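> Take a look at start_15.cif, mmCIF, C-alpha atoms and all ligand atoms:
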data_run
#
loop_
_atom_site.label_atom_id
_atom_site.label_comp_id
_atom_site.auth_asym_id
_atom_site.auth_seq_id
_atom_site.Cartn_x
_atom_site.Cartn_y
_atom_site.Cartn_z
CA LEU A 1 -81.51 107.78 -182.55
CA VAL A 2 -84.62 106.02 -183.79
CA SER A 3 -86.56 106.30 -180.52
CA ARG A 4 -89.37 108.72 -179.93
CA GLU A 5 -87.61 109.91 -176.79
CA HIS A 6 -84.91 111.26 -179.06
CA HIS A 7 -87.35 112.53 -181.69
CA PRO A 8 -90.97 112.91 -180.46
CA GLU A 9 -92.51 113.77 -183.85
CA ARG A 10 -93.15 110.86 -186.25
CA SER A 11 -90.87 111.09 -189.29
CA VAL A 12 -91.68 111.19 -192.97
CA VAL A 13 -89.12 109.44 -195.18
CA ASP A 14 -88.76 110.84 -198.68
CA VAL A 15 -87.93 108.29 -201.37
CA ALA A 16 -87.08 110.21 -204.55
CA GLY A 17 -90.04 112.53 -203.94
CA VAL A 18 -92.45 109.88 -202.60
CA PRO A 19 -93.25 110.43 -198.92
CA ILE A 20 -93.70 107.51 -196.50
CA GLY A 21 -95.00 108.40 -193.06
CA PRO A 22 -97.95 109.92 -191.24
CA ASP A 23 -100.73 111.16 -193.57
CA ASN A 24 -99.12 109.42 -196.56
CA PHE A 25 -100.26 105.79 -196.87
CA THR A 26 -97.83 104.46 -199.48
CA VAL A 27 -98.28 101.39 -201.66
CA ILE A 28 -95.07 99.75 -202.88
CA ALA A 29 -95.62 96.94 -205.38
CA GLY A 30 -93.79 94.90 -207.95
CA PRO A 31 -92.46 91.44 -208.64
CA CYS A 32 -90.84 89.42 -205.89
CA ALA A 33 -87.91 88.87 -208.25
CA VAL A 34 -86.83 90.64 -211.42
CA GLU A 35 -86.88 87.85 -214.03
CA SER A 36 -86.74 89.74 -217.34
CA ALA A 37 -87.34 93.20 -218.80
CA GLU A 38 -90.78 92.16 -220.12
CA GLN A 39 -91.90 90.60 -216.84
CA THR A 40 -90.72 93.62 -214.82
CA ALA A 41 -92.42 96.11 -217.16
CA ALA A 42 -95.68 94.12 -217.01
CA ALA A 43 -95.42 93.91 -213.21
CA ALA A 44 -94.86 97.67 -213.05
CA GLU A 45 -98.14 98.17 -214.93
CA LEU A 46 -99.87 96.00 -212.34
CA ALA A 47 -98.14 97.89 -209.55
CA MET A 48 -99.54 101.16 -210.88
CA ARG A 49 -103.01 99.59 -211.09
CA ALA A 50 -102.57 98.64 -207.43
CA GLY A 51 -101.99 102.31 -206.60
CA ALA A 52 -98.25 101.93 -206.09
CA THR A 53 -96.02 104.99 -206.16
CA LEU A 54 -92.85 102.94 -205.66
CA LEU A 55 -91.73 99.82 -207.55
CA ARG A 56 -90.29 96.85 -205.67
CA GLY A 57 -88.31 94.00 -207.26
CA GLY A 58 -85.47 91.79 -206.12
CA ALA A 59 -82.33 91.55 -208.25
CA TYR A 60 -80.43 89.78 -205.47
CA LYS A 61 -82.63 87.12 -203.89
CA PRO A 62 -81.77 85.68 -200.46
CA ARG A 63 -83.31 82.22 -200.93
CA THR A 64 -83.59 79.59 -198.25
CA SER A 65 -82.43 76.94 -200.73
CA PRO A 66 -79.16 77.46 -202.61
CA TYR A 67 -80.81 75.63 -205.54
CA ALA A 68 -83.60 78.22 -205.88
CA PHE A 69 -83.40 81.19 -208.30
CA GLN A 70 -80.89 83.64 -206.83
CA GLY A 71 -81.80 86.70 -208.91
CA LEU A 72 -80.27 88.41 -211.95
CA GLY A 73 -77.85 90.56 -209.93
CA GLU A 74 -76.58 93.66 -211.75
CA ARG A 75 -78.57 92.83 -214.88
CA GLY A 76 -81.69 92.94 -212.69
CA LEU A 77 -80.68 96.36 -211.36
CA ARG A 78 -80.33 97.67 -214.92
CA ILE A 79 -83.78 96.32 -215.81
CA LEU A 80 -85.25 98.09 -212.78
CA ALA A 81 -83.58 101.34 -213.82
CA GLU A 82 -85.01 101.00 -217.35
CA VAL A 83 -88.50 100.40 -215.99
CA ARG A 84 -88.13 103.43 -213.71
CA ALA A 85 -87.21 105.51 -216.77
CA GLU A 86 -90.36 104.26 -218.56
CA THR A 87 -92.80 104.57 -215.66
CA GLY A 88 -91.33 107.22 -213.38
CA LEU A 89 -91.68 104.84 -210.41
CA PRO A 90 -88.72 105.04 -207.99
CA ILE A 91 -87.19 101.68 -207.12
CA VAL A 92 -86.95 99.70 -203.89
CA THR A 93 -84.65 96.69 -204.14
CA GLU A 94 -82.89 94.36 -201.75
CA VAL A 95 -79.18 94.27 -201.01
CA VAL A 96 -77.90 91.09 -199.40
CA ASP A 97 -74.16 91.69 -199.19
CA ALA A 98 -72.20 94.65 -197.83
CA ASP A 99 -69.94 94.45 -200.90
CA ASP A 100 -72.93 95.10 -203.20
CA VAL A 101 -74.22 98.19 -201.39
CA ASP A 102 -72.53 100.66 -203.73
CA VAL A 103 -73.74 99.06 -206.95
CA VAL A 104 -77.29 98.66 -205.61
CA ALA A 105 -77.31 102.27 -204.38
CA GLU A 106 -76.17 103.43 -207.83
CA HIS A 107 -79.40 102.08 -209.34
CA ALA A 108 -81.94 102.05 -206.48
CA ASP A 109 -83.88 104.83 -204.79
CA MET A 110 -84.31 102.81 -201.59
CA LEU A 111 -82.29 99.85 -200.29
CA GLN A 112 -84.19 96.95 -198.79
CA ILE A 113 -82.67 94.85 -196.02
CA GLY A 114 -84.53 91.56 -195.84
CA THR A 115 -85.68 89.52 -192.89
CA ARG A 116 -82.72 87.13 -193.09
CA ASN A 117 -80.23 89.99 -192.88
CA MET A 118 -81.84 92.11 -190.18
CA GLN A 119 -78.90 91.41 -187.88
CA ASN A 120 -76.18 91.46 -190.53
CA PHE A 121 -74.51 94.38 -188.81
CA ALA A 122 -71.83 95.00 -191.47
CA LEU A 123 -74.59 95.22 -194.10
CA LEU A 124 -76.66 97.57 -191.93
CA GLN A 125 -73.68 99.86 -191.43
CA ALA A 126 -72.77 99.85 -195.11
CA ALA A 127 -76.38 100.60 -196.08
CA GLY A 128 -76.49 103.38 -193.50
CA ALA A 129 -73.35 104.98 -194.89
CA VAL A 130 -74.37 105.11 -198.54
CA GLY A 131 -76.97 107.84 -198.12
CA LYS A 132 -80.08 106.25 -199.67
CA PRO A 133 -83.30 105.58 -197.70
CA VAL A 134 -83.46 102.07 -196.22
CA LEU A 135 -86.41 99.71 -195.87
CA LEU A 136 -85.60 97.49 -192.90
CA LYS A 137 -87.62 94.31 -192.65
CA ARG A 138 -88.13 92.73 -189.27
CA GLY A 139 -86.22 89.49 -188.77
CA MET A 140 -88.67 86.61 -188.72
CA ASN A 141 -87.23 85.57 -185.34
CA ALA A 142 -86.58 89.05 -183.98
CA THR A 143 -88.25 90.93 -181.18
CA ILE A 144 -89.37 94.49 -181.79
CA GLU A 145 -86.53 95.68 -179.58
CA GLU A 146 -83.96 93.80 -181.69
CA TRP A 147 -85.52 95.26 -184.84
CA LEU A 148 -85.22 98.81 -183.51
CA LEU A 149 -81.63 98.16 -182.44
CA ALA A 150 -80.91 96.98 -185.98
CA ALA A 151 -82.33 100.30 -187.23
CA GLU A 152 -80.00 102.01 -184.78
CA TYR A 153 -76.99 100.53 -186.64
CA ILE A 154 -78.17 102.28 -189.81
CA ALA A 155 -79.00 105.52 -188.00
CA GLN A 156 -75.58 105.60 -186.33
CA ARG A 157 -74.04 105.97 -189.78
CA GLY A 158 -75.88 109.26 -190.16
CA ASN A 159 -78.93 107.94 -192.01
CA LEU A 160 -82.32 108.47 -190.37
CA ASN A 161 -84.22 107.79 -193.60
CA ILE A 162 -85.34 104.36 -192.45
CA VAL A 163 -88.73 102.71 -192.93
CA LEU A 164 -89.54 99.68 -190.77
CA CYS A 165 -91.41 96.76 -192.36
CA GLU A 166 -93.26 94.09 -190.39
CA ARG A 167 -93.25 90.99 -192.63
CA GLY A 168 -94.43 88.24 -190.34
CA ILE A 169 -92.69 86.27 -187.64
CA ARG A 170 -92.18 82.57 -186.96
CA THR A 171 -94.78 81.06 -184.69
CA PHE A 172 -96.23 77.56 -184.27
CA GLU A 173 -98.95 78.44 -186.82
CA LYS A 174 -98.59 76.76 -190.20
CA ALA A 175 -101.72 78.06 -191.93
CA THR A 176 -99.79 81.13 -193.07
CA ARG A 177 -96.21 81.38 -194.23
CA ASN A 178 -95.40 83.57 -191.24
CA THR A 179 -97.65 85.22 -188.67
CA LEU A 180 -98.23 88.90 -189.43
CA ASP A 181 -97.67 90.64 -186.10
CA ILE A 182 -100.11 93.48 -186.63
CA SER A 183 -99.48 94.72 -183.11
CA ALA A 184 -95.91 95.50 -184.20
CA VAL A 185 -97.32 98.46 -186.14
CA PRO A 186 -98.61 100.51 -183.20
CA VAL A 187 -95.88 99.23 -180.86
CA ALA A 188 -93.05 100.23 -183.20
CA GLN A 189 -94.74 103.57 -183.92
CA TYR A 190 -95.08 104.19 -180.20
CA LEU A 191 -91.41 103.39 -179.52
CA SER A 192 -89.90 104.88 -182.67
CA HIS A 193 -90.48 107.93 -184.85
CA LEU A 194 -89.78 105.90 -188.00
CA PRO A 195 -92.59 105.02 -190.45
CA VAL A 196 -93.85 101.43 -190.26
CA ILE A 197 -95.28 99.48 -193.19
CA ILE A 198 -96.34 95.85 -193.56
CA ASP A 199 -95.67 93.12 -196.12
CA PRO A 200 -98.87 91.10 -196.51
CA SER A 201 -97.34 88.96 -199.30
CA HIS A 202 -94.34 87.48 -197.49
CA SER A 203 -96.27 87.12 -194.22
CA GLY A 204 -99.44 85.50 -195.57
CA GLY A 205 -97.72 83.64 -198.40
CA ARG A 206 -101.00 83.36 -200.32
CA ARG A 207 -102.64 85.88 -202.65
CA GLU A 208 -106.08 85.57 -201.03
CA LEU A 209 -104.64 86.88 -197.74
CA VAL A 210 -103.04 89.99 -199.24
CA LEU A 211 -106.17 92.13 -199.37
CA PRO A 212 -107.46 91.36 -195.85
CA LEU A 213 -103.97 91.85 -194.34
CA SER A 214 -103.55 95.12 -196.25
CA ARG A 215 -106.88 96.32 -194.91
CA ALA A 216 -105.76 95.38 -191.41
CA ALA A 217 -102.58 97.42 -191.98
CA VAL A 218 -104.53 100.58 -192.81
CA VAL A 219 -106.79 100.19 -189.81
CA ALA A 220 -103.84 99.49 -187.49
CA GLY A 221 -102.32 102.79 -188.60
CA ALA A 222 -99.51 101.47 -190.82
CA ASP A 223 -97.83 103.95 -193.13
CA GLY A 224 -98.01 101.67 -196.14
CA VAL A 225 -97.79 98.20 -197.62
CA ILE A 226 -95.29 96.42 -199.84
CA VAL A 227 -97.02 93.91 -202.10
CA ASP A 228 -95.92 91.32 -204.67
CA VAL A 229 -97.56 91.43 -208.11
CA HIS A 230 -96.77 89.28 -211.14
CA PRO A 231 -98.18 89.13 -214.68
CA ALA A 232 -98.03 85.29 -214.73
CA PRO A 233 -97.59 83.97 -211.19
CA GLU A 234 -97.87 80.33 -212.32
CA THR A 235 -94.51 80.74 -214.07
CA ALA A 236 -92.88 82.99 -211.45
CA LYS A 237 -89.36 82.04 -210.42
CA CYS A 238 -90.07 83.12 -206.86
CA ASP A 239 -93.13 83.17 -204.59
CA GLY A 240 -95.81 83.02 -207.33
CA PRO A 241 -98.64 81.93 -205.00
CA GLN A 242 -98.51 85.19 -203.05
CA ALA A 243 -98.45 87.55 -206.06
CA LEU A 244 -101.52 89.59 -206.97
CA VAL A 245 -102.68 89.38 -210.57
CA GLY A 246 -104.96 91.42 -212.84
CA ALA A 247 -108.16 92.51 -211.15
CA ASP A 248 -106.74 91.84 -207.65
CA THR A 249 -104.64 94.93 -208.10
CA ASP A 250 -107.70 97.11 -208.86
CA GLU A 251 -109.36 95.77 -205.74
CA LEU A 252 -106.31 96.62 -203.63
CA ALA A 253 -106.15 100.18 -204.98
CA ASP A 254 -109.87 100.68 -204.46
CA SER A 255 -109.88 99.20 -200.98
CA MET A 256 -106.86 101.20 -199.77
CA ALA A 257 -108.31 104.46 -201.11
CA ARG A 258 -111.72 103.85 -199.53
CA LEU A 259 -110.29 102.89 -196.14
CA ALA A 260 -107.89 105.84 -196.16
CA GLU A 261 -110.91 108.16 -196.21
CA PHE A 262 -111.99 106.88 -192.81
CA MET A 263 -108.59 107.12 -191.18
C1 LIG A 301 -88.66 90.24 -200.40
O1 LIG A 301 -89.36 91.20 -200.06
O2 LIG A 301 -88.33 90.03 -201.58
C2 LIG A 301 -88.22 89.27 -199.39
C3 LIG A 301 -87.37 88.29 -199.69
O3 LIG A 301 -88.78 89.48 -198.21
P1 LIG A 301 -88.37 88.93 -196.76
O4 LIG A 301 -86.98 89.40 -196.52
O5 LIG A 301 -89.38 89.59 -195.88
O6 LIG A 301 -88.53 87.45 -196.80
#
Would you mind writing the file out in structure tokens?
Ligand code: PEP


Amino acid sequence: LVSREHHPERSVVDVAGVPIGPDNFTVIAGPCAVESAEQTAAAAELAMRAGATLLRGGAYKPRTSPYAFQGLGERGLRILAEVRAETGLPIVTEVVDADDVDVVAEHADMLQIGTRNMQNFALLQAAGAVGKPVLLKRGMNATIEEWLLAAEYIAQRGNLNIVLCERGIRTFEKATRNTLDISAVPVAQYLSHLPVIIDPSHSGGRRELVLPLSRAAVVAGADGVIVDVHPAPETAKCDGPQALVGADTDELADSMARLAEFM
């Protein structure tokens, strides 16, 4: 269902009126985690400065350590909905458990499936059935074929509104958090009609890599980027070192707009 054999034309996915797909380079930005109403509102301001038309933010956080901040859960979803009402930015947020799909879908405009859950087949099926667009991150240990088969689980439930997100894979390299597989962009677009975006924040793991990796995404033909921003990354409860701050966001907006002219 997600292959180009089945559907030769590349698809555009509509997220509450925001298109993601060919001819629509989309910036999604926001805090890694929703920490408070104030922090999320301030991050949404930064997201808009970065040129974002969709707001990201995790209310349920799939952390490697059980001792790390796990997210605000439903309270976080309500904060996101309030910030959407104030800013008009539709919301992309992660769901980590099949039992939470309904409550997340009640508040979110797009459901995110994270790298650690790419092969959580019950979650994929539940997300596919609920009728909201899905952002499917590539598993950090998954091949492109496995990633597309994961998308197939969602599509089989009657939902073809899926955006693929390359977010870095595990390699021997330790200089970055994960290795951004930029070749996954054209390969996935060649094999599948679904839009493909990249996450320069979770792949690079450091704010100074976000701009160069985002530029690489545009030039490789990606359909967008999803970027972490935070008003005070030194106090962030999650992934502060990779969040863009202040003037970084202007630079991202400017750079994406200028590069888009050449594409
Ligand atoms: C995220 O985007 O908040 C996240 C946890 O990303 P990933 O699943 O790619 O690690």

> Using only C-alpha atoms, find the one residue out of A:Met110, A:Arg258, A:Arg63, A:Thr143 that sits nearest to Val130 in chain A.

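Of all the options, A:Met110 lies closest to Val130 in chain A.
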
> So, with only C-alpha atoms as the atoms that count, which of A:Gly158, A:Pro233, A:Pro8, A:Pro90 lies closest to Tyr190 in chain A?

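Closest residue, counting only C-alpha atoms: A:Pro8.
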
> Using all atoms listed in the file, which protein or nucleic acid residues come within 6 Å of range 76-85 of chain A? Drop anything in the same chain fewer than 5 positions from it, and give the result as a ChimeraX atom specification.

/A:34,37,41,59,90

> Could you list the protein, DNA and RNA residues that have any atom within 9 Å of ligand LIG 301 (chain A), counting all atoms listed in the file, and write them as number ranges by chain?

A: 31-33, 56-58, 60-63, 93-94, 112-118, 136-140, 165-168, 199, 201-203, 226-228, 238-239

> Under the rule that all atoms listed in the file are counted, which of A:Ala247, A:Phe25, A:Phe121, A:Leu135 is the nearest residue to Val219 in chain A?

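Using all atoms listed in the file, the shortest distance to Val219 in chain A belongs to A:Phe25.
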
> Ranking A:Lys174, A:Arg215, A:Arg75, A:His230 by minimum distance to Pro200 in chain A and counting all atoms listed in the file, which one comes first?

A:Arg215

> Go through A:Ala236, A:Gly221, A:Ile169, A:Glu261 and flag the residue nearest Thr40 in chain A, using only C-alpha atoms for the distances.

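Counting only C-alpha atoms, the residue closest to Thr40 in chain A is A:Ala236.
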
> Of the candidates A:Pro133, A:Gly17, A:Pro241, A:Gly128, which shows the shortest atom-to-atom distance to Leu209 in chain A, using all atoms listed in the file?

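Once distances to Leu209 in chain A are computed over all atoms listed in the file, the minimum belongs to A:Pro241.
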
> What does the structure give for the distance between CA of Ile197 in chain A and CA of Asn24 in chain A, in Å to one decimal?

11.2 Å

> Could you jot down the CA of Val185 in chain A to CA of Ile198 in chain A separation for me, Å, one decimal place?

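According to the coordinates, CA of Val185 in chain A and CA of Ile198 in chain A are separated by 7.9 Å.
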
> Measure the distance from CA of Val101 in chain A to CA of Leu123 in chain A in Å and round it to one decimal.

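Going from CA of Val101 in chain A over to CA of Leu123 in chain A, I get 7.9 Å.
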
> Please work out which residues fall within 10 Å of (-97.6, 101.6, -207.6), coordinates as given in the file, with only C-alpha atoms counting, and return them as a list in words.

Thr26, Val27, Ile28, Ala29, Gly30, Ala43, Ala44, Glu45, Leu46, Ala47, Met48, Arg49, Ala50, Gly51, Ala52, Thr53, Leu54, Leu55, Arg56, Thr87, Leu89, Pro90, Ile226, Val227, Thr249 and Ala253 of chain A

> What lies within 10 Å of Ala232 in chain A using only C-alpha atoms, ignoring chain neighbours under 3 positions off, as a PDB file with C-alpha atoms, keeping the file's coordinate frame?


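Produced file result07.pdb, reproduced below:
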ATOM      1  CA  GLN A  39     -91.900  90.600-216.840  1.00  0.00           C
ATOM      2  CA  ALA A  42     -95.680  94.120-217.010  1.00  0.00           C
ATOM      3  CA  ALA A  43     -95.420  93.910-213.210  1.00  0.00           C
ATOM      4  CA  VAL A 229     -97.560  91.430-208.110  1.00  0.00           C
ATOM      5  CA  THR A 235     -94.510  80.740-214.070  1.00  0.00           C
ATOM      6  CA  ALA A 236     -92.880  82.990-211.450  1.00  0.00           C
ATOM      7  CA  GLY A 240     -95.810  83.020-207.330  1.00  0.00           C
ATOM      8  CA  ALA A 243     -98.450  87.550-206.060  1.00  0.00           C
ATOM      9  CA  LEU A 244    -101.520  89.590-206.970  1.00  0.00           C
ATOM     10  CA  VAL A 245    -102.680  89.380-210.570  1.00  0.00           C
ATOM     11  CA  GLY A 246    -104.960  91.420-212.840  1.00  0.00           C
TER      12      GLY A 246
END

> Would you fill out range 14-37 of chain A with N, CA and C atoms and return it as a tab-separated table (two decimals), in the coordinates of the input?


chain	number	residue	atom	x	y	z
A	14	ASP	N	-88.55	110.47	-197.28
A	14	ASP	CA	-88.76	110.84	-198.68
A	14	ASP	C	-87.94	109.91	-199.57
A	15	VAL	N	-88.64	109.19	-200.45
A	15	VAL	CA	-87.93	108.29	-201.37
A	15	VAL	C	-88.08	108.87	-202.78
A	16	ALA	N	-87.07	109.58	-203.22
A	16	ALA	CA	-87.08	110.21	-204.55
A	16	ALA	C	-88.40	110.96	-204.80
A	17	GLY	N	-88.83	111.71	-203.79
A	17	GLY	CA	-90.04	112.53	-203.94
A	17	GLY	C	-91.31	111.86	-203.47
A	18	VAL	N	-91.26	110.58	-203.10
A	18	VAL	CA	-92.45	109.88	-202.60
A	18	VAL	C	-92.36	109.81	-201.07
A	19	PRO	N	-93.33	110.44	-200.38
A	19	PRO	CA	-93.25	110.43	-198.92
A	19	PRO	C	-93.82	109.14	-198.32
A	20	ILE	N	-93.15	108.63	-197.28
A	20	ILE	CA	-93.70	107.51	-196.50
A	20	ILE	C	-93.71	107.99	-195.06
A	21	GLY	N	-94.90	107.94	-194.44
A	21	GLY	CA	-95.00	108.40	-193.06
A	21	GLY	C	-96.41	108.84	-192.77
A	22	PRO	N	-96.61	109.51	-191.63
A	22	PRO	CA	-97.95	109.92	-191.24
A	22	PRO	C	-98.63	110.72	-192.35
A	23	ASP	N	-99.91	110.47	-192.56
A	23	ASP	CA	-100.73	111.16	-193.57
A	23	ASP	C	-100.35	110.81	-195.00
A	24	ASN	N	-99.51	109.81	-195.20
A	24	ASN	CA	-99.12	109.42	-196.56
A	24	ASN	C	-99.11	107.90	-196.66
A	25	PHE	N	-100.26	107.26	-196.75
A	25	PHE	CA	-100.26	105.79	-196.87
A	25	PHE	C	-99.68	105.44	-198.24
A	26	THR	N	-98.57	104.71	-198.24
A	26	THR	CA	-97.83	104.46	-199.48
A	26	THR	C	-97.95	102.99	-199.88
A	27	VAL	N	-98.27	102.76	-201.13
A	27	VAL	CA	-98.28	101.39	-201.66
A	27	VAL	C	-97.01	101.21	-202.49
A	28	ILE	N	-96.25	100.17	-202.12
A	28	ILE	CA	-95.07	99.75	-202.88
A	28	ILE	C	-95.45	98.41	-203.49
A	29	ALA	N	-95.25	98.23	-204.78
A	29	ALA	CA	-95.62	96.94	-205.38
A	29	ALA	C	-94.68	96.62	-206.52
A	30	GLY	N	-94.65	95.34	-206.86
A	30	GLY	CA	-93.79	94.90	-207.95
A	30	GLY	C	-93.54	93.41	-207.80
A	31	PRO	N	-92.71	92.87	-208.69
A	31	PRO	CA	-92.46	91.44	-208.64
A	31	PRO	C	-91.57	91.08	-207.46
A	32	CYS	N	-91.73	89.87	-206.96
A	32	CYS	CA	-90.84	89.42	-205.89
A	32	CYS	C	-89.41	89.48	-206.44
A	33	ALA	N	-89.23	88.87	-207.62
A	33	ALA	CA	-87.91	88.87	-208.25
A	33	ALA	C	-88.00	89.47	-209.65
A	34	VAL	N	-86.96	90.19	-210.04
A	34	VAL	CA	-86.83	90.64	-211.42
A	34	VAL	C	-86.38	89.43	-212.24
A	35	GLU	N	-87.20	89.05	-213.23
A	35	GLU	CA	-86.88	87.85	-214.03
A	35	GLU	C	-86.46	88.22	-215.45
A	36	SER	N	-87.07	89.28	-215.99
A	36	SER	CA	-86.74	89.74	-217.34
A	36	SER	C	-87.28	91.16	-217.49
A	37	ALA	N	-86.86	91.83	-218.57
A	37	ALA	CA	-87.34	93.20	-218.80
A	37	ALA	C	-88.85	93.20	-219.02
